[in-house]
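> Handing you this structure, nothing more for now.
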Amino acid sequence: NFVGNSASTAENAKSWYSNNIFNGKTVHLLSNIDLVNEEWTPIGYVNIAYNNGSSKTQFYGHFDGHNNTISNLKVVGNSSNYFKSGYGAYGLFGTIGAPNNSANPQTFSNLIINNVTVVSGTTSTWDYVGALIGNAQSNTANITNCHITGTINISESYEVGGLFGIGKVNVTDCSVEGNSGSKISSPSYYAAGLAGCQCSPSVSMTSKTVKGVTITAVSAGGIVGLANQELTITNNTITDTEIKGNKNAGRGLCLTVLESGKVCRNAASPDFLI
């Protein structure tokens, strides 16, 4: 169990978890934690280009926040030796790995992240960034009742989401609600309120809220920047949100204009249901 209320407690626990595969185990957050904007190394970070594809640092466990809050999460690239260009993954969790028991997919639940900055500081075109998880594409995962609040600044140059960067993720009852000035951006590729990219045909996203953020990318969406498979999305709410795409504004998922059950066509992707 993860118990503590200081950045040092969180850092010690994070270091221990990062060196243990944690396959099939559940990490429990039992109290609020303020990270006081000290630089955070993602739990389970892995950089393919610099680690020869090693899976040793991926996080294979489950996480239950028990409705507690992690405040003032900060991941900034230029000052970190782990933040190398090329297939990096950054957030509270970096890269999560598929458990040996694929019938029991990873779950991340019951957490609030209040005030978050994840900025790469690099011109790399192959990094994945989200407040909760950077890269979740190794196996289907479930994210339930997780909320990103406060001042939000999440930026990278490939696939960027308020919740996760890239993945095969079922999302239920989650939200990204920012204070004035909050932004999610990708200057080169995809960005959206929740997910930069959903890359599985068998996942769904239900009961989601995006509010109070500016989303800027080459292809920008309210919920998802790029869906490269069919994707089922229902019961979404997008308010007080500006979506600015250099090529495709809102086409990653044009959820602000289509009703549930309609088909949104994207020239770059198959049809997906919303």
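Residues are named by chain letter and number: chains run A, B, ... in the order of the structure tokens, numbers start at 1 in each chain, and ligands are numbered from 1 in the order shown.
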So that I can see what lies close to Asn135 (chain A), please list as a PyMOL selection string the residues with an atom at most 12 Å from it, counting only C-alpha atoms and leaving out residues fewer than 4 positions away in the same chain.

chain A and resi 42-48+58-59+87-98+126-131+139-141+158-161+163-169+195-199

> Now that the selection is made, can you save its residues with N, CA and C atoms as a short mmCIF file (atom, residue, chain, number, x, y, z; two decimals), in the first residue's frame?


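And here is the file that came out, out.cif:
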```cif
data_model
loop_
_atom_site.label_atom_id
_atom_site.label_comp_id
_atom_site.auth_asym_id
_atom_site.auth_seq_id
_atom_site.Cartn_x
_atom_site.Cartn_y
_atom_site.Cartn_z
N PRO A 42 8.24 9.35 -14.37
CA PRO A 42 7.05 8.51 -14.49
C PRO A 42 7.27 7.10 -13.96
N ILE A 43 6.26 6.57 -13.29
CA ILE A 43 6.29 5.18 -12.82
C ILE A 43 6.22 4.28 -14.06
N GLY A 44 7.21 3.42 -14.19
CA GLY A 44 7.21 2.52 -15.34
C GLY A 44 7.62 3.21 -16.62
N TYR A 45 8.52 4.19 -16.53
CA TYR A 45 8.92 4.83 -17.77
C TYR A 45 9.81 3.87 -18.56
N VAL A 46 9.71 3.97 -19.87
CA VAL A 46 10.59 3.20 -20.75
C VAL A 46 10.75 4.01 -22.02
N ASN A 47 11.95 3.99 -22.55
CA ASN A 47 12.24 4.70 -23.79
C ASN A 47 12.82 3.68 -24.76
N ILE A 48 12.05 3.31 -25.77
CA ILE A 48 12.44 2.23 -26.66
C ILE A 48 13.78 2.53 -27.33
N GLN A 58 8.61 -1.17 -17.39
CA GLN A 58 7.18 -0.97 -17.57
C GLN A 58 6.43 -1.35 -16.29
N PHE A 59 5.28 -0.73 -16.09
CA PHE A 59 4.45 -1.02 -14.92
C PHE A 59 3.40 -2.04 -15.32
N TYR A 87 10.12 7.65 -28.79
CA TYR A 87 9.28 6.65 -28.16
C TYR A 87 9.27 6.73 -26.64
N GLY A 88 9.36 7.89 -26.09
CA GLY A 88 9.22 8.05 -24.67
C GLY A 88 7.75 8.09 -24.28
N ALA A 89 7.46 7.89 -23.01
CA ALA A 89 6.08 7.88 -22.52
C ALA A 89 6.05 8.55 -21.16
N TYR A 90 5.17 9.57 -20.98
CA TYR A 90 5.29 10.43 -19.84
C TYR A 90 3.94 10.82 -19.27
N GLY A 91 3.85 10.77 -17.95
CA GLY A 91 2.68 11.12 -17.16
C GLY A 91 2.96 10.63 -15.75
N LEU A 92 1.92 10.48 -14.94
CA LEU A 92 2.12 9.84 -13.64
C LEU A 92 2.71 8.45 -13.85
N PHE A 93 2.14 7.71 -14.80
CA PHE A 93 2.70 6.45 -15.28
C PHE A 93 3.25 6.68 -16.68
N GLY A 94 4.37 6.03 -16.98
CA GLY A 94 4.95 6.16 -18.31
C GLY A 94 4.37 5.13 -19.25
N THR A 95 4.98 3.94 -19.28
CA THR A 95 4.51 2.84 -20.12
C THR A 95 3.99 1.72 -19.22
N ILE A 96 2.79 1.25 -19.52
CA ILE A 96 2.27 0.10 -18.78
C ILE A 96 2.38 -1.12 -19.68
N GLY A 97 2.67 -2.28 -19.06
CA GLY A 97 2.88 -3.49 -19.82
C GLY A 97 1.75 -4.47 -19.63
N ALA A 98 1.55 -5.34 -20.60
CA ALA A 98 0.47 -6.31 -20.54
C ALA A 98 0.77 -7.36 -19.48
N TRP A 126 8.04 11.25 -31.62
CA TRP A 126 7.57 9.90 -31.30
C TRP A 126 7.37 9.68 -29.80
N ASP A 127 6.90 10.66 -29.09
CA ASP A 127 6.66 10.52 -27.67
C ASP A 127 5.17 10.57 -27.37
N TYR A 128 4.76 9.92 -26.25
CA TYR A 128 3.36 9.81 -25.86
C TYR A 128 3.17 10.42 -24.48
N VAL A 129 2.18 11.29 -24.36
CA VAL A 129 2.06 12.08 -23.14
C VAL A 129 0.61 12.16 -22.69
N GLY A 130 0.37 11.94 -21.40
CA GLY A 130 -0.93 12.13 -20.78
C GLY A 130 -0.73 12.37 -19.30
N ALA A 131 -1.72 12.93 -18.62
CA ALA A 131 -1.58 13.19 -17.19
C ALA A 131 -1.45 11.88 -16.41
N ASN A 139 -1.59 -3.69 -24.16
CA ASN A 139 -2.73 -4.59 -23.96
C ASN A 139 -3.91 -3.73 -23.52
N THR A 140 -5.12 -4.25 -23.68
CA THR A 140 -6.30 -3.48 -23.28
C THR A 140 -6.27 -3.20 -21.78
N ALA A 141 -6.50 -1.95 -21.42
CA ALA A 141 -6.55 -1.53 -20.02
C ALA A 141 -7.89 -0.86 -19.76
N TYR A 158 3.90 14.39 -30.43
CA TYR A 158 3.31 13.29 -31.17
C TYR A 158 1.87 13.07 -30.72
N GLU A 159 1.59 12.18 -29.77
CA GLU A 159 0.22 11.88 -29.38
C GLU A 159 0.00 12.27 -27.92
N VAL A 160 -0.94 13.19 -27.71
CA VAL A 160 -1.09 13.86 -26.43
C VAL A 160 -2.56 13.84 -26.02
N GLY A 161 -2.83 13.42 -24.79
CA GLY A 161 -4.20 13.43 -24.28
C GLY A 161 -4.23 13.93 -22.85
N LEU A 163 -5.86 12.58 -20.48
CA LEU A 163 -5.83 11.40 -19.61
C LEU A 163 -4.68 10.47 -19.97
N PHE A 164 -4.59 10.07 -21.25
CA PHE A 164 -3.47 9.24 -21.69
C PHE A 164 -3.08 9.60 -23.12
N GLY A 165 -1.81 9.29 -23.46
CA GLY A 165 -1.31 9.66 -24.78
C GLY A 165 -1.75 8.72 -25.88
N ILE A 166 -1.48 7.42 -25.71
CA ILE A 166 -1.85 6.42 -26.69
C ILE A 166 -2.23 5.15 -25.94
N GLY A 167 -3.19 4.39 -26.46
CA GLY A 167 -3.54 3.17 -25.76
C GLY A 167 -4.68 2.41 -26.38
N LYS A 168 -4.93 1.26 -25.78
CA LYS A 168 -6.11 0.42 -26.04
C LYS A 168 -6.87 0.40 -24.73
N VAL A 169 -7.70 1.40 -24.50
CA VAL A 169 -8.20 1.67 -23.16
C VAL A 169 -9.71 1.83 -23.16
N ALA A 195 -7.72 11.41 -24.98
CA ALA A 195 -6.75 10.47 -25.54
C ALA A 195 -6.16 11.00 -26.83
N GLY A 196 -4.84 10.99 -26.92
CA GLY A 196 -4.21 11.36 -28.18
C GLY A 196 -4.56 10.37 -29.27
N CYS A 197 -4.50 9.07 -28.95
CA CYS A 197 -4.81 8.02 -29.92
C CYS A 197 -5.41 6.82 -29.22
N GLN A 198 -6.51 6.32 -29.75
CA GLN A 198 -7.07 5.03 -29.38
C GLN A 198 -6.78 4.07 -30.52
N CYS A 199 -6.13 2.94 -30.21
CA CYS A 199 -5.63 2.10 -31.30
C CYS A 199 -6.13 0.66 -31.20
#
```

> Residues within 12 Å of Val116 (chain A), please, as a JSON list (two decimals) with C-alpha atoms, in the first residue's frame. Count only C-alpha atoms; anything in the same chain fewer than 4 positions from it doesn't count.


```json
[["chain", "number", "residue", "atom", "x", "y", "z"],
["A", 34, "ASP", "CA", 1.13, 16.91, -2.80],
["A", 35, "LEU", "CA", 4.14, 16.56, -5.13],
["A", 36, "VAL", "CA", 4.81, 20.32, -4.72],
["A", 37, "ASN", "CA", 5.85, 20.63, -8.39],
["A", 38, "GLU", "CA", 9.05, 18.70, -7.85],
["A", 39, "GLU", "CA", 10.08, 16.97, -11.05],
["A", 40, "TRP", "CA", 8.53, 13.53, -11.34],
["A", 69, "THR", "CA", -5.87, 13.38, -4.89],
["A", 70, "ILE", "CA", -2.36, 13.74, -6.25],
["A", 71, "SER", "CA", -1.61, 17.46, -6.53],
["A", 72, "ASN", "CA", 0.98, 19.43, -8.48],
["A", 73, "LEU", "CA", 2.35, 16.73, -10.78],
["A", 74, "LYS", "CA", 5.21, 18.02, -12.92],
["A", 75, "VAL", "CA", 7.13, 16.21, -15.66],
["A", 76, "VAL", "CA", 9.45, 18.43, -17.68],
["A", 90, "TYR", "CA", 5.29, 10.43, -19.84],
["A", 91, "GLY", "CA", 2.68, 11.12, -17.16],
["A", 92, "LEU", "CA", 2.12, 9.84, -13.64],
["A", 112, "ILE", "CA", -7.92, 12.82, -8.95],
["A", 129, "VAL", "CA", 2.06, 12.08, -23.14],
["A", 130, "GLY", "CA", -0.93, 12.13, -20.78],
["A", 131, "ALA", "CA", -1.58, 13.19, -17.19],
["A", 132, "LEU", "CA", -2.28, 9.63, -15.99],
["A", 147, "HIS", "CA", -10.28, 12.98, -13.08],
["A", 148, "ILE", "CA", -7.77, 15.62, -14.16],
["A", 149, "THR", "CA", -8.51, 19.03, -12.62],
["A", 150, "GLY", "CA", -7.03, 22.43, -11.83],
["A", 151, "THR", "CA", -4.42, 24.04, -14.07],
["A", 152, "ILE", "CA", -3.53, 21.68, -16.90],
["A", 153, "ASN", "CA", -0.57, 22.05, -19.26],
["A", 154, "ILE", "CA", 0.16, 18.93, -21.31],
["A", 155, "SER", "CA", 2.25, 19.19, -24.45],
["A", 162, "GLY", "CA", -5.49, 14.91, -21.07],
["A", 163, "LEU", "CA", -5.83, 11.40, -19.61],
["A", 176, "VAL", "CA", -10.58, 16.50, -17.76],
["A", 177, "GLU", "CA", -11.72, 19.86, -16.38],
["A", 178, "GLY", "CA", -9.22, 22.70, -16.42],
["A", 179, "ASN", "CA", -8.96, 26.13, -14.91],
["A", 182, "SER", "CA", -5.39, 25.17, -19.34],
["A", 183, "LYS", "CA", -4.11, 23.62, -22.56],
["A", 184, "ILE", "CA", -3.42, 20.31, -24.26]]
```

> If you run DSSP over the backbone, which residues in region 68-240 of chain A end up strand (DSSP E)? Put them as an MDAnalysis selection string.

chainID A and resid 68:76 89:90 93:95 107:119 128:130 133:155 159:161 164:192 195:198 204:221 224:227 232:239

> Could you save the residues just selected, with C-alpha atoms, as a compact mmCIF listing (two decimals), in the first residue's frame?


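Result saved to out.txt:
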```txt
# COMPACT_ATOMS: atom_id res chain seq x y z
CA ASN A 68 -7.62 10.45 -3.18
CA THR A 69 -5.87 13.38 -4.89
CA ILE A 70 -2.36 13.74 -6.25
CA SER A 71 -1.61 17.46 -6.53
CA ASN A 72 0.98 19.43 -8.48
CA LEU A 73 2.35 16.73 -10.78
CA LYS A 74 5.21 18.02 -12.92
CA VAL A 75 7.13 16.21 -15.66
CA VAL A 76 9.45 18.43 -17.68
CA ALA A 89 6.08 7.88 -22.52
CA TYR A 90 5.29 10.43 -19.84
CA PHE A 93 2.70 6.45 -15.28
CA GLY A 94 4.95 6.16 -18.31
CA THR A 95 4.51 2.84 -20.12
CA THR A 107 -7.10 -1.23 -14.19
CA PHE A 108 -6.51 2.34 -13.06
CA SER A 109 -9.31 3.72 -10.93
CA ASN A 110 -10.57 6.26 -8.40
CA LEU A 111 -7.98 9.02 -8.67
CA ILE A 112 -7.92 12.82 -8.95
CA ILE A 113 -4.85 14.56 -10.35
CA ASN A 114 -5.08 18.26 -9.54
CA ASN A 115 -2.71 20.70 -11.29
CA VAL A 116 -0.55 18.93 -13.83
CA THR A 117 2.29 19.93 -16.13
CA VAL A 118 3.74 17.41 -18.57
CA VAL A 119 5.94 19.17 -21.12
CA TYR A 128 3.36 9.81 -25.86
CA VAL A 129 2.06 12.08 -23.14
CA GLY A 130 -0.93 12.13 -20.78
CA ILE A 133 -0.52 7.37 -18.54
CA GLY A 134 1.76 8.06 -21.49
CA ASN A 135 1.71 4.74 -23.35
CA ALA A 136 -0.99 2.12 -22.71
CA GLN A 137 -1.00 0.27 -26.01
CA SER A 138 0.59 -3.06 -25.04
CA ASN A 139 -2.73 -4.59 -23.96
CA THR A 140 -6.30 -3.48 -23.28
CA ALA A 141 -6.55 -1.53 -20.02
CA ASN A 142 -9.45 -0.03 -18.07
CA ILE A 143 -9.52 3.51 -16.65
CA THR A 144 -12.48 4.24 -14.36
CA ASN A 145 -13.41 7.26 -12.23
CA CYS A 146 -10.19 9.19 -12.86
CA HIS A 147 -10.28 12.98 -13.08
CA ILE A 148 -7.77 15.62 -14.16
CA THR A 149 -8.51 19.03 -12.62
CA GLY A 150 -7.03 22.43 -11.83
CA THR A 151 -4.42 24.04 -14.07
CA ILE A 152 -3.53 21.68 -16.90
CA ASN A 153 -0.57 22.05 -19.26
CA ILE A 154 0.16 18.93 -21.31
CA SER A 155 2.25 19.19 -24.45
CA GLU A 159 0.22 11.88 -29.38
CA VAL A 160 -1.09 13.86 -26.43
CA GLY A 161 -4.20 13.43 -24.28
CA PHE A 164 -3.47 9.24 -21.69
CA GLY A 165 -1.31 9.66 -24.78
CA ILE A 166 -1.85 6.42 -26.69
CA GLY A 167 -3.54 3.17 -25.76
CA LYS A 168 -6.11 0.42 -26.04
CA VAL A 169 -8.20 1.67 -23.16
CA ASN A 170 -11.78 1.33 -21.98
CA VAL A 171 -12.64 4.64 -20.30
CA THR A 172 -15.62 5.02 -17.94
CA ASP A 173 -16.71 8.00 -15.81
CA CYS A 174 -13.59 10.10 -16.34
CA SER A 175 -13.09 13.81 -16.87
CA VAL A 176 -10.58 16.50 -17.76
CA GLU A 177 -11.72 19.86 -16.38
CA GLY A 178 -9.22 22.70 -16.42
CA ASN A 179 -8.96 26.13 -14.91
CA SER A 180 -8.62 29.20 -17.12
CA GLY A 181 -5.55 28.97 -19.34
CA SER A 182 -5.39 25.17 -19.34
CA LYS A 183 -4.11 23.62 -22.56
CA ILE A 184 -3.42 20.31 -24.26
CA SER A 185 -1.31 20.55 -27.40
CA SER A 186 0.74 18.71 -29.98
CA PRO A 187 2.50 20.96 -32.48
CA SER A 188 3.15 18.10 -34.91
CA TYR A 189 0.46 15.42 -34.63
CA TYR A 190 -2.59 14.49 -32.49
CA ALA A 191 -4.07 15.92 -29.30
CA ALA A 192 -7.44 15.68 -27.57
CA ALA A 195 -6.75 10.47 -25.54
CA GLY A 196 -4.21 11.36 -28.18
CA CYS A 197 -4.81 8.02 -29.92
CA GLN A 198 -7.07 5.03 -29.38
CA SER A 204 -15.30 1.92 -25.51
CA MET A 205 -15.39 5.34 -23.88
CA THR A 206 -18.45 6.07 -21.74
CA SER A 207 -19.57 9.03 -19.59
CA LYS A 208 -16.73 11.45 -20.13
CA THR A 209 -16.39 15.20 -19.60
CA VAL A 210 -13.93 17.64 -21.14
CA LYS A 211 -14.21 21.22 -19.94
CA GLY A 212 -12.22 24.42 -19.82
CA VAL A 213 -9.20 23.54 -21.96
CA THR A 214 -7.74 24.71 -25.26
CA ILE A 215 -6.76 21.79 -27.51
CA THR A 216 -4.28 22.55 -30.30
CA ALA A 217 -2.74 20.09 -32.76
CA VAL A 218 -2.38 19.22 -36.43
CA SER A 219 -5.38 16.96 -35.81
CA ALA A 220 -7.31 17.95 -32.68
CA GLY A 221 -10.37 16.29 -31.17
CA VAL A 224 -9.80 11.54 -29.13
CA GLY A 225 -7.23 12.97 -31.53
CA LEU A 226 -6.89 9.85 -33.69
CA ALA A 227 -8.95 6.66 -33.72
CA THR A 232 -17.58 3.21 -29.55
CA ILE A 233 -18.16 6.41 -27.59
CA THR A 234 -21.28 7.35 -25.62
CA ASN A 235 -22.53 9.92 -23.09
CA ASN A 236 -19.87 12.57 -23.64
CA THR A 237 -19.91 16.23 -22.64
CA ILE A 238 -17.60 18.90 -24.03
CA THR A 239 -18.04 22.46 -22.73
```

> For Ser31 (chain A), which residue out of A:Asp240, A:His66, A:Gly222, A:Tyr60 is the nearest one, using only C-alpha atoms?

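Looking at the shortest contact to Ser31 (chain A), the residue is A:His66.
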
> Which is closest to His62 (chain A) among A:Asn32, A:Ser202, A:Gln106, A:Asn23, if we use only C-alpha atoms?

A:Gln106

> State, in Å with one decimal place, the distance from CA of Phe63 (chain A) to CA of Gly193 (chain A).

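Atom-to-atom, CA of Phe63 (chain A) and CA of Gly193 (chain A) are spaced 21.9 Å apart.
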
> Could you check how far CA of Ile33 (chain A) sits from CA of Asp64 (chain A), in Å to one decimal?

14.0 Å

> State, in Å with one decimal place, the distance from CA of Asn67 (chain A) to CA of Ile223 (chain A).

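For CA of Asn67 (chain A) relative to CA of Ile223 (chain A), the distance reads 22.9 Å.
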